[in-house]
Amino acid sequence: MTNSSSEPQERRTFGYIYQRGAIYWIRYSVGGKRYRESTESTSERGAIKALARKEAELGLGMFTAPDVKRTTFEQLAEIIRDDYRVNGRKSVATLETQLHRLELTFAGARAASITPDRLTAYVRQRLDEGAAGATVRNETNALKRAFRLAKRMGKVAHVPEFPTVKIADPRAGFFERDAFAVVLAQLPEPLRAPIEFAYLTGWRTPSEVLPLTWSQVDFDAGVVRLEVGTTKNKAGRTFPFAVLPALVALLERQRAIVTALERRLGRVIPHVFVRETGERIRDFYTAWHSACKRAAVRRRGAVEVIERPELLGRVPHDFRRTAVRNLVRAGVPERVAMQLTGHKTRAIFDRYNIVNEADLSEGVEKLARFFAGGTKGAQSAAGGR
């Protein structure tokens, strides 16, 4: 006769087997913690074997608690979300985009089932869809961090091996003055000021330029400030605009525009860069790409001719590379330039300090002037041949 009691039927060295209805369960303790698991079987022999396997796993150091096995992708996602909230990370929106892409593949999956082969298949699928290597790497890095945090919490037994995602060389785009002027002229009027500000300062457009408020602009001192904790590297930053006439004119013009809007709308407008409605500018990428295309293409009759191919595919982040290059060309010490643009490490600054063919030509021209000057160095160089 089947015993339907939930109490243990028979004691084993490592634990117990017992029945709930017709199904056998096992109960055992590890490190003072009691575990119960269904064998999903009506066989007593099968239950004894399941209990023996648990004991063997413990002896081999391969034991994984049942609750750990039940950890899901959704729980991993919540763990990394909590980590971002606790540490005050500013890229929460980016994380949500990454988790959404991962969710399309791993929704409902247990963490233990997210194996290296599934991760490799995910990377291959994303690349086949046309996603950039850097984008895919950032997505898998988010999942990897979630696994590491979960392991630290005891929520997963191990972190799977993640595939290496090869990424393209860093972007090398920058704007020469004439090319920038052409794109600027194609932009809607409200977008010109923030884009020009980014071009002059090299500050990050979405996270540093667009959120600027008038409280950060000190006309008396002639500086604009980013407070500590509001930038990507958490460091504060100051840009003295009083000595840069183009930036003085831009901010004074913008102040006049916003003041007129405040009078018309009857309310205070805290942000520097706003639309005609007084609302701060948040999304401008569609207008930006359209402006770049119009600046690059000329229509001749029914045919579109690309006259400035270098403008196709340009992104506002190119202004950071442009500002670094302009500062170095102007002879600004690199330490000062890094403080102005907010580059914390020399490696990143060097990557943005792009040298193009014009720079190389200028260098060779200086060499030519050296030899043409008839200096001792030139004579020595000539005599050494």
# chains A, B, ... in the order shown; residues from 1 in each chain; ligands from 1
$ residues_around --residues "A:Tyr285" --least-positions-apart "2" --cutoff "12 Å" --atoms "only C-alpha atoms" --output "PDB file with all heavy atoms, in the first residue's frame"
ATOM      1  N   LEU A 187      20.995  71.394 -40.410  1.00  0.00           N
ATOM      2  CA  LEU A 187      20.244  71.006 -39.221  1.00  0.00           C
ATOM      3  C   LEU A 187      19.099  71.966 -38.932  1.00  0.00           C
ATOM      4  O   LEU A 187      19.200  73.156 -39.240  1.00  0.00           O
ATOM      5  CB  LEU A 187      21.174  70.969 -38.005  1.00  0.00           C
ATOM      6  CG  LEU A 187      22.124  69.785 -37.891  1.00  0.00           C
ATOM      7  CD1 LEU A 187      23.182  70.059 -36.832  1.00  0.00           C
ATOM      8  CD2 LEU A 187      21.355  68.508 -37.543  1.00  0.00           C
ATOM      9  N   PRO A 188      18.022  71.493 -38.318  1.00  0.00           N
ATOM     10  CA  PRO A 188      16.967  72.408 -37.867  1.00  0.00           C
ATOM     11  C   PRO A 188      17.548  73.406 -36.864  1.00  0.00           C
ATOM     12  O   PRO A 188      18.470  73.076 -36.108  1.00  0.00           O
ATOM     13  CB  PRO A 188      15.954  71.473 -37.186  1.00  0.00           C
ATOM     14  CG  PRO A 188      16.229  70.127 -37.761  1.00  0.00           C
ATOM     15  CD  PRO A 188      17.693  70.082 -38.051  1.00  0.00           C
ATOM     16  N   LEU A 191      18.606  72.592 -33.167  1.00  0.00           N
ATOM     17  CA  LEU A 191      19.676  71.623 -32.965  1.00  0.00           C
ATOM     18  C   LEU A 191      21.059  72.198 -33.230  1.00  0.00           C
ATOM     19  O   LEU A 191      22.068  71.592 -32.848  1.00  0.00           O
ATOM     20  CB  LEU A 191      19.459  70.405 -33.875  1.00  0.00           C
ATOM     21  CG  LEU A 191      18.217  69.561 -33.614  1.00  0.00           C
ATOM     22  CD1 LEU A 191      18.176  68.386 -34.571  1.00  0.00           C
ATOM     23  CD2 LEU A 191      18.189  69.074 -32.171  1.00  0.00           C
ATOM     24  N   ILE A 195      24.781  71.168 -31.114  1.00  0.00           N
ATOM     25  CA  ILE A 195      25.770  70.500 -31.960  1.00  0.00           C
ATOM     26  C   ILE A 195      27.043  71.340 -32.053  1.00  0.00           C
ATOM     27  O   ILE A 195      28.163  70.813 -31.980  1.00  0.00           O
ATOM     28  CB  ILE A 195      25.182  70.223 -33.363  1.00  0.00           C
ATOM     29  CG1 ILE A 195      24.068  69.173 -33.268  1.00  0.00           C
ATOM     30  CG2 ILE A 195      26.262  69.784 -34.334  1.00  0.00           C
ATOM     31  CD1 ILE A 195      24.505  67.835 -32.722  1.00  0.00           C
ATOM     32  N   THR A 205      27.548  64.500 -26.351  1.00  0.00           N
ATOM     33  CA  THR A 205      26.297  65.176 -26.701  1.00  0.00           C
ATOM     34  C   THR A 205      25.089  64.700 -25.895  1.00  0.00           C
ATOM     35  O   THR A 205      24.403  65.522 -25.273  1.00  0.00           O
ATOM     36  CB  THR A 205      26.017  65.018 -28.208  1.00  0.00           C
ATOM     37  OG1 THR A 205      27.192  65.340 -28.949  1.00  0.00           O
ATOM     38  CG2 THR A 205      24.897  65.945 -28.643  1.00  0.00           C
ATOM     39  N   PRO A 206      24.780  63.389 -25.851  1.00  0.00           N
ATOM     40  CA  PRO A 206      23.540  62.989 -25.164  1.00  0.00           C
ATOM     41  C   PRO A 206      23.598  63.171 -23.655  1.00  0.00           C
ATOM     42  O   PRO A 206      22.605  63.565 -23.036  1.00  0.00           O
ATOM     43  CB  PRO A 206      23.400  61.499 -25.531  1.00  0.00           C
ATOM     44  CG  PRO A 206      24.408  61.235 -26.584  1.00  0.00           C
ATOM     45  CD  PRO A 206      25.469  62.251 -26.443  1.00  0.00           C
ATOM     46  N   ILE A 281      15.847  69.274 -25.458  1.00  0.00           N
ATOM     47  CA  ILE A 281      16.101  68.381 -26.590  1.00  0.00           C
ATOM     48  C   ILE A 281      16.643  67.059 -26.055  1.00  0.00           C
ATOM     49  O   ILE A 281      17.599  67.046 -25.280  1.00  0.00           O
ATOM     50  CB  ILE A 281      17.110  69.013 -27.569  1.00  0.00           C
ATOM     51  CG1 ILE A 281      16.531  70.308 -28.156  1.00  0.00           C
ATOM     52  CG2 ILE A 281      17.479  68.034 -28.675  1.00  0.00           C
ATOM     53  CD1 ILE A 281      17.523  71.118 -28.949  1.00  0.00           C
ATOM     54  N   ARG A 282      16.019  65.973 -26.472  1.00  0.00           N
ATOM     55  CA  ARG A 282      16.462  64.662 -26.022  1.00  0.00           C
ATOM     56  C   ARG A 282      16.931  63.784 -27.178  1.00  0.00           C
ATOM     57  O   ARG A 282      17.989  63.162 -27.105  1.00  0.00           O
ATOM     58  CB  ARG A 282      15.332  63.945 -25.270  1.00  0.00           C
ATOM     59  CG  ARG A 282      14.917  64.656 -23.984  1.00  0.00           C
ATOM     60  CD  ARG A 282      13.762  63.938 -23.312  1.00  0.00           C
ATOM     61  NE  ARG A 282      13.316  64.643 -22.121  1.00  0.00           N
ATOM     62  CZ  ARG A 282      13.852  64.492 -20.911  1.00  0.00           C
ATOM     63  NH1 ARG A 282      14.855  63.647 -20.751  1.00  0.00           N
ATOM     64  NH2 ARG A 282      13.385  65.164 -19.866  1.00  0.00           N
ATOM     65  N   ASP A 283      16.147  63.708 -28.229  1.00  0.00           N
ATOM     66  CA  ASP A 283      16.460  62.821 -29.351  1.00  0.00           C
ATOM     67  C   ASP A 283      16.632  63.657 -30.622  1.00  0.00           C
ATOM     68  O   ASP A 283      15.744  64.415 -30.984  1.00  0.00           O
ATOM     69  CB  ASP A 283      15.334  61.806 -29.529  1.00  0.00           C
ATOM     70  CG  ASP A 283      15.629  60.820 -30.647  1.00  0.00           C
ATOM     71  OD1 ASP A 283      16.785  60.789 -31.104  1.00  0.00           O
ATOM     72  OD2 ASP A 283      14.708  60.089 -31.057  1.00  0.00           O
ATOM     73  N   ALA A 287      17.148  63.599 -37.231  1.00  0.00           N
ATOM     74  CA  ALA A 287      17.471  64.877 -37.881  1.00  0.00           C
ATOM     75  C   ALA A 287      18.944  64.954 -38.218  1.00  0.00           C
ATOM     76  O   ALA A 287      19.338  65.486 -39.266  1.00  0.00           O
ATOM     77  CB  ALA A 287      17.073  66.037 -36.964  1.00  0.00           C
ATOM     78  N   TRP A 288      19.779  64.412 -37.343  1.00  0.00           N
ATOM     79  CA  TRP A 288      21.225  64.447 -37.566  1.00  0.00           C
ATOM     80  C   TRP A 288      21.607  63.655 -38.822  1.00  0.00           C
ATOM     81  O   TRP A 288      22.336  64.152 -39.684  1.00  0.00           O
ATOM     82  CB  TRP A 288      21.956  63.890 -36.345  1.00  0.00           C
ATOM     83  CG  TRP A 288      23.411  63.599 -36.605  1.00  0.00           C
ATOM     84  CD1 TRP A 288      23.977  62.395 -36.898  1.00  0.00           C
ATOM     85  CD2 TRP A 288      24.484  64.550 -36.651  1.00  0.00           C
ATOM     86  NE1 TRP A 288      25.322  62.523 -37.114  1.00  0.00           N
ATOM     87  CE2 TRP A 288      25.665  63.830 -36.968  1.00  0.00           C
ATOM     88  CE3 TRP A 288      24.559  65.927 -36.441  1.00  0.00           C
ATOM     89  CZ2 TRP A 288      26.902  64.458 -37.076  1.00  0.00           C
ATOM     90  CZ3 TRP A 288      25.794  66.550 -36.552  1.00  0.00           C
ATOM     91  CH2 TRP A 288      26.943  65.827 -36.867  1.00  0.00           C
ATOM     92  N   HIS A 289      21.128  62.434 -38.914  1.00  0.00           N
ATOM     93  CA  HIS A 289      21.488  61.600 -40.071  1.00  0.00           C
ATOM     94  C   HIS A 289      20.938  62.187 -41.369  1.00  0.00           C
ATOM     95  O   HIS A 289      21.599  62.108 -42.419  1.00  0.00           O
ATOM     96  CB  HIS A 289      20.978  60.172 -39.859  1.00  0.00           C
ATOM     97  CG  HIS A 289      21.689  59.440 -38.761  1.00  0.00           C
ATOM     98  ND1 HIS A 289      23.057  59.310 -38.725  1.00  0.00           N
ATOM     99  CD2 HIS A 289      21.222  58.821 -37.649  1.00  0.00           C
ATOM    100  CE1 HIS A 289      23.409  58.630 -37.641  1.00  0.00           C
ATOM    101  NE2 HIS A 289      22.320  58.324 -36.972  1.00  0.00           N
ATOM    102  N   SER A 290      19.765  62.774 -41.305  1.00  0.00           N
ATOM    103  CA  SER A 290      19.209  63.417 -42.497  1.00  0.00           C
ATOM    104  C   SER A 290      20.067  64.598 -42.926  1.00  0.00           C
ATOM    105  O   SER A 290      20.310  64.805 -44.123  1.00  0.00           O
ATOM    106  CB  SER A 290      17.778  63.884 -42.218  1.00  0.00           C
ATOM    107  OG  SER A 290      16.926  62.790 -41.956  1.00  0.00           O
ATOM    108  N   ALA A 291      20.539  65.368 -41.958  1.00  0.00           N
ATOM    109  CA  ALA A 291      21.381  66.530 -42.270  1.00  0.00           C
ATOM    110  C   ALA A 291      22.694  66.089 -42.896  1.00  0.00           C
ATOM    111  O   ALA A 291      23.179  66.706 -43.862  1.00  0.00           O
ATOM    112  CB  ALA A 291      21.638  67.342 -41.001  1.00  0.00           C
ATOM    113  N   CYS A 292      23.285  65.018 -42.361  1.00  0.00           N
ATOM    114  CA  CYS A 292      24.545  64.517 -42.926  1.00  0.00           C
ATOM    115  C   CYS A 292      24.352  64.050 -44.369  1.00  0.00           C
ATOM    116  O   CYS A 292      25.205  64.298 -45.234  1.00  0.00           O
ATOM    117  CB  CYS A 292      25.083  63.375 -42.068  1.00  0.00           C
ATOM    118  SG  CYS A 292      25.760  63.900 -40.470  1.00  0.00           S
ATOM    119  N   GLY A 313      27.396  58.573 -42.592  1.00  0.00           N
ATOM    120  CA  GLY A 313      27.722  57.732 -41.439  1.00  0.00           C
ATOM    121  C   GLY A 313      28.382  58.452 -40.288  1.00  0.00           C
ATOM    122  O   GLY A 313      28.772  57.826 -39.298  1.00  0.00           O
ATOM    123  N   ARG A 314      28.515  59.770 -40.390  1.00  0.00           N
ATOM    124  CA  ARG A 314      29.102  60.531 -39.291  1.00  0.00           C
ATOM    125  C   ARG A 314      28.176  60.470 -38.068  1.00  0.00           C
ATOM    126  O   ARG A 314      26.954  60.420 -38.202  1.00  0.00           O
ATOM    127  CB  ARG A 314      29.301  61.988 -39.684  1.00  0.00           C
ATOM    128  CG  ARG A 314      30.547  62.209 -40.515  1.00  0.00           C
ATOM    129  CD  ARG A 314      31.770  62.185 -39.602  1.00  0.00           C
ATOM    130  NE  ARG A 314      32.992  62.311 -40.388  1.00  0.00           N
ATOM    131  CZ  ARG A 314      33.718  61.277 -40.789  1.00  0.00           C
ATOM    132  NH1 ARG A 314      33.338  60.059 -40.474  1.00  0.00           N
ATOM    133  NH2 ARG A 314      34.808  61.450 -41.474  1.00  0.00           N
ATOM    134  N   VAL A 315      28.764  60.464 -36.878  1.00  0.00           N
ATOM    135  CA  VAL A 315      27.992  60.433 -35.632  1.00  0.00           C
ATOM    136  C   VAL A 315      28.447  61.593 -34.749  1.00  0.00           C
ATOM    137  O   VAL A 315      29.597  62.051 -34.851  1.00  0.00           O
ATOM    138  CB  VAL A 315      28.174  59.098 -34.888  1.00  0.00           C
ATOM    139  CG1 VAL A 315      27.598  57.942 -35.687  1.00  0.00           C
ATOM    140  CG2 VAL A 315      29.649  58.849 -34.565  1.00  0.00           C
ATOM    141  N   PRO A 316      27.569  62.094 -33.874  1.00  0.00           N
ATOM    142  CA  PRO A 316      27.946  63.214 -33.004  1.00  0.00           C
ATOM    143  C   PRO A 316      29.156  62.921 -32.123  1.00  0.00           C
ATOM    144  O   PRO A 316      29.872  63.838 -31.722  1.00  0.00           O
ATOM    145  CB  PRO A 316      26.688  63.441 -32.161  1.00  0.00           C
ATOM    146  CG  PRO A 316      25.574  62.963 -33.031  1.00  0.00           C
ATOM    147  CD  PRO A 316      26.135  61.773 -33.759  1.00  0.00           C
ATOM    148  N   HIS A 317      29.411  61.642 -31.832  1.00  0.00           N
ATOM    149  CA  HIS A 317      30.564  61.315 -30.997  1.00  0.00           C
ATOM    150  C   HIS A 317      31.879  61.661 -31.694  1.00  0.00           C
ATOM    151  O   HIS A 317      32.920  61.781 -31.053  1.00  0.00           O
ATOM    152  CB  HIS A 317      30.549  59.831 -30.625  1.00  0.00           C
ATOM    153  CG  HIS A 317      31.393  59.507 -29.433  1.00  0.00           C
ATOM    154  ND1 HIS A 317      31.028  59.846 -28.150  1.00  0.00           N
ATOM    155  CD2 HIS A 317      32.594  58.894 -29.328  1.00  0.00           C
ATOM    156  CE1 HIS A 317      31.966  59.448 -27.304  1.00  0.00           C
ATOM    157  NE2 HIS A 317      32.930  58.873 -27.996  1.00  0.00           N
TER     158      HIS A 317
END
$ residues_around --residues "A:Trp25" --least-positions-apart "6" --cutoff "7 Å" --atoms "only C-alpha atoms" --output "ChimeraX atom specification"
/A:17-19,37-39,47
$ atom_distance --atom1 "atom CA of A:Tyr122" --atom2 "atom CA of A:Thr135"
12.6 Å
$ closest_atom_pairs --of "stretch 103-179 of chain A" --to "stretch 322-338 of chain A" --cutoff "9 Å" --atoms "only C-alpha atoms" --output "CSV"
residue,atom,partner,partner_atom,distance
A:Gly173,CA,A:Thr322,CA,8.0
A:Phe174,CA,A:Thr322,CA,4.9
A:Phe175,CA,A:Thr322,CA,5.8
A:Glu176,CA,A:Thr322,CA,7.8
$ write_last_selection --atoms "N, CA, C and O atoms" --output "PDB file, in the first residue's frame"
ATOM      1  N   GLY A 173      36.548  58.866 -37.286  1.00  0.00           N
ATOM      2  CA  GLY A 173      35.926  60.025 -37.905  1.00  0.00           C
ATOM      3  C   GLY A 173      36.169  61.313 -37.144  1.00  0.00           C
ATOM      4  O   GLY A 173      36.249  61.319 -35.920  1.00  0.00           O
ATOM      5  N   PHE A 174      36.304  62.386 -37.875  1.00  0.00           N
ATOM      6  CA  PHE A 174      36.388  63.723 -37.280  1.00  0.00           C
ATOM      7  C   PHE A 174      35.945  64.731 -38.329  1.00  0.00           C
ATOM      8  O   PHE A 174      35.802  64.416 -39.507  1.00  0.00           O
ATOM      9  N   PHE A 175      35.700  65.945 -37.886  1.00  0.00           N
ATOM     10  CA  PHE A 175      35.197  66.989 -38.771  1.00  0.00           C
ATOM     11  C   PHE A 175      36.247  68.068 -38.996  1.00  0.00           C
ATOM     12  O   PHE A 175      36.803  68.609 -38.044  1.00  0.00           O
ATOM     13  N   GLU A 176      36.481  68.359 -40.266  1.00  0.00           N
ATOM     14  CA  GLU A 176      37.215  69.577 -40.593  1.00  0.00           C
ATOM     15  C   GLU A 176      36.205  70.724 -40.531  1.00  0.00           C
ATOM     16  O   GLU A 176      34.986  70.508 -40.582  1.00  0.00           O
TER      17      GLU A 176
END
$ atom_distance --atom1 "atom CA of A:Thr259" --atom2 "atom CA of A:Trp214"
11.1 Å
$ atom_distance --atom1 "atom CA of A:Arg20" --atom2 "atom CA of A:Arg110"
25.7 Å
$ residues_around --residues "stretch 241-248 of chain A" --least-positions-apart "3" --cutoff "10 Å" --atoms "only C-alpha atoms" --output "list in words"
Ala193, Glu196, Phe197, Leu200, Thr201, Val217, Asp218, Phe219, Asp220, Ala221, Gly222, Val223, Val224, Thr238, Leu251, Glu252, Arg253 and Gln254 of chain A
$ write_last_selection --atoms "N, CA, C and O atoms" --output "short mmCIF file (atom, residue, chain, number, x, y, z; two decimals), in the first residue's frame"
data_model
loop_
_atom_site.label_atom_id
_atom_site.label_comp_id
_atom_site.auth_asym_id
_atom_site.auth_seq_id
_atom_site.Cartn_x
_atom_site.Cartn_y
_atom_site.Cartn_z
N ALA A 193 22.64 74.87 -32.03
CA ALA A 193 23.42 75.32 -30.86
C ALA A 193 24.05 74.16 -30.09
O ALA A 193 25.25 74.19 -29.80
N GLU A 196 26.89 72.65 -32.18
CA GLU A 196 28.06 73.52 -32.23
C GLU A 196 28.80 73.51 -30.89
O GLU A 196 30.03 73.52 -30.83
N PHE A 197 28.05 73.46 -29.79
CA PHE A 197 28.66 73.38 -28.46
C PHE A 197 29.51 72.11 -28.35
O PHE A 197 30.64 72.14 -27.85
N LEU A 200 32.73 72.46 -30.34
CA LEU A 200 33.74 73.35 -29.75
C LEU A 200 34.37 72.76 -28.49
O LEU A 200 35.56 72.97 -28.23
N THR A 201 33.58 72.04 -27.70
CA THR A 201 34.07 71.56 -26.40
C THR A 201 34.52 70.11 -26.41
O THR A 201 35.33 69.71 -25.57
N VAL A 217 25.91 77.30 -16.14
CA VAL A 217 26.59 78.31 -16.96
C VAL A 217 26.76 79.58 -16.12
O VAL A 217 25.79 80.21 -15.72
N ASP A 218 28.00 79.92 -15.86
CA ASP A 218 28.32 81.10 -15.04
C ASP A 218 28.86 82.19 -15.97
O ASP A 218 30.03 82.18 -16.33
N PHE A 219 27.98 83.12 -16.36
CA PHE A 219 28.41 84.18 -17.29
C PHE A 219 29.40 85.13 -16.63
O PHE A 219 30.29 85.66 -17.29
N ASP A 220 29.26 85.35 -15.32
CA ASP A 220 30.18 86.26 -14.62
C ASP A 220 31.60 85.70 -14.61
O ASP A 220 32.57 86.43 -14.87
N ALA A 221 31.71 84.41 -14.30
CA ALA A 221 33.04 83.79 -14.26
C ALA A 221 33.49 83.33 -15.65
O ALA A 221 34.68 83.06 -15.87
N GLY A 222 32.53 83.24 -16.57
CA GLY A 222 32.88 82.82 -17.93
C GLY A 222 33.20 81.34 -18.03
O GLY A 222 34.07 80.94 -18.81
N VAL A 223 32.50 80.50 -17.24
CA VAL A 223 32.76 79.06 -17.27
C VAL A 223 31.44 78.30 -17.30
O VAL A 223 30.41 78.79 -16.85
N VAL A 224 31.50 77.10 -17.85
CA VAL A 224 30.38 76.17 -17.80
C VAL A 224 30.89 74.92 -17.09
O VAL A 224 32.01 74.47 -17.33
N THR A 238 35.23 71.59 -15.90
CA THR A 238 34.99 73.02 -16.14
C THR A 238 35.56 73.40 -17.50
O THR A 238 36.66 72.98 -17.85
N LEU A 251 26.50 80.89 -26.42
CA LEU A 251 25.75 80.86 -25.17
C LEU A 251 24.93 82.14 -24.97
O LEU A 251 23.80 82.07 -24.45
N GLU A 252 25.46 83.28 -25.37
CA GLU A 252 24.68 84.52 -25.25
C GLU A 252 23.47 84.49 -26.17
O GLU A 252 22.37 84.92 -25.79
N ARG A 253 23.66 83.96 -27.37
CA ARG A 253 22.55 83.85 -28.32
C ARG A 253 21.49 82.88 -27.78
O ARG A 253 20.29 83.15 -27.85
N GLN A 254 21.94 81.78 -27.18
CA GLN A 254 21.00 80.80 -26.65
C GLN A 254 20.26 81.36 -25.43
O GLN A 254 19.07 81.10 -25.26
#
$ closest_residue --among "A:Arg85, A:Lys49, A:Arg321, A:His158" --to "A:Ala198" --atoms "only C-alpha atoms"
A:Arg321
$ residues_around --residues "A:Ala134" --least-positions-apart "3" --cutoff "9 Å" --atoms "only C-alpha atoms" --output "ChimeraX atom specification"
/A:131,137-139,165-168
$ write_last_selection --atoms "N, CA, C and O atoms" --output "compact mmCIF listing (two decimals), in the first residue's frame"
# COMPACT_ATOMS: atom_id res chain seq x y z
N ALA A 131 24.27 43.29 -36.43
CA ALA A 131 24.68 44.05 -35.26
C ALA A 131 26.19 44.22 -35.26
O ALA A 131 26.94 43.32 -35.67
N ARG A 137 29.33 42.45 -28.19
CA ARG A 137 30.24 42.24 -27.05
C ARG A 137 29.69 42.89 -25.79
O ARG A 137 29.75 42.31 -24.71
N ASN A 138 29.12 44.09 -25.91
CA ASN A 138 28.55 44.76 -24.74
C ASN A 138 27.36 44.00 -24.18
O ASN A 138 27.15 43.95 -22.96
N GLU A 139 26.58 43.39 -25.07
CA GLU A 139 25.43 42.58 -24.62
C GLU A 139 25.90 41.36 -23.83
O GLU A 139 25.39 41.08 -22.74
N VAL A 165 34.24 38.13 -28.82
CA VAL A 165 33.62 38.81 -29.96
C VAL A 165 34.62 39.79 -30.54
O VAL A 165 35.03 40.74 -29.87
N LYS A 166 35.02 39.54 -31.76
CA LYS A 166 35.98 40.43 -32.42
C LYS A 166 35.27 41.70 -32.83
O LYS A 166 34.18 41.66 -33.40
N ILE A 167 35.87 42.84 -32.53
CA ILE A 167 35.27 44.11 -32.91
C ILE A 167 36.16 44.84 -33.89
O ILE A 167 37.36 44.60 -33.96
N ALA A 168 35.53 45.73 -34.63
CA ALA A 168 36.27 46.51 -35.62
C ALA A 168 37.18 47.51 -34.92
O ALA A 168 37.04 47.78 -33.72
$ residues_around --residues "A:Gly278" --least-positions-apart "6" --cutoff "9 Å" --atoms "only C-alpha atoms" --output "PyMOL selection string"
chain A and resi 258+261-262+265+269+271
$ residues_around --residues "stretch 142-157 of chain A" --least-positions-apart "5" --cutoff "12 Å" --atoms "only C-alpha atoms" --output "PyMOL selection string"
chain A and resi 61-84+91-92+94-103+106+110-116+119+122+135-137+162-164
$ select_by_dssp --residues "stretch 15-247 of chain A" --states "helix (DSSP H, G or I)" --output "ChimeraX atom specification"
/A:44-59,66-69,73-86,92-106,111-113,116-128,133-152,177-186,189-201,205-209,214-216,245-247
$ select_by_dssp --residues "stretch 73-264 of chain A" --states "strand (DSSP E or B)" --output "ChimeraX atom specification"
/A:110,213,217-218,223-226,237-240
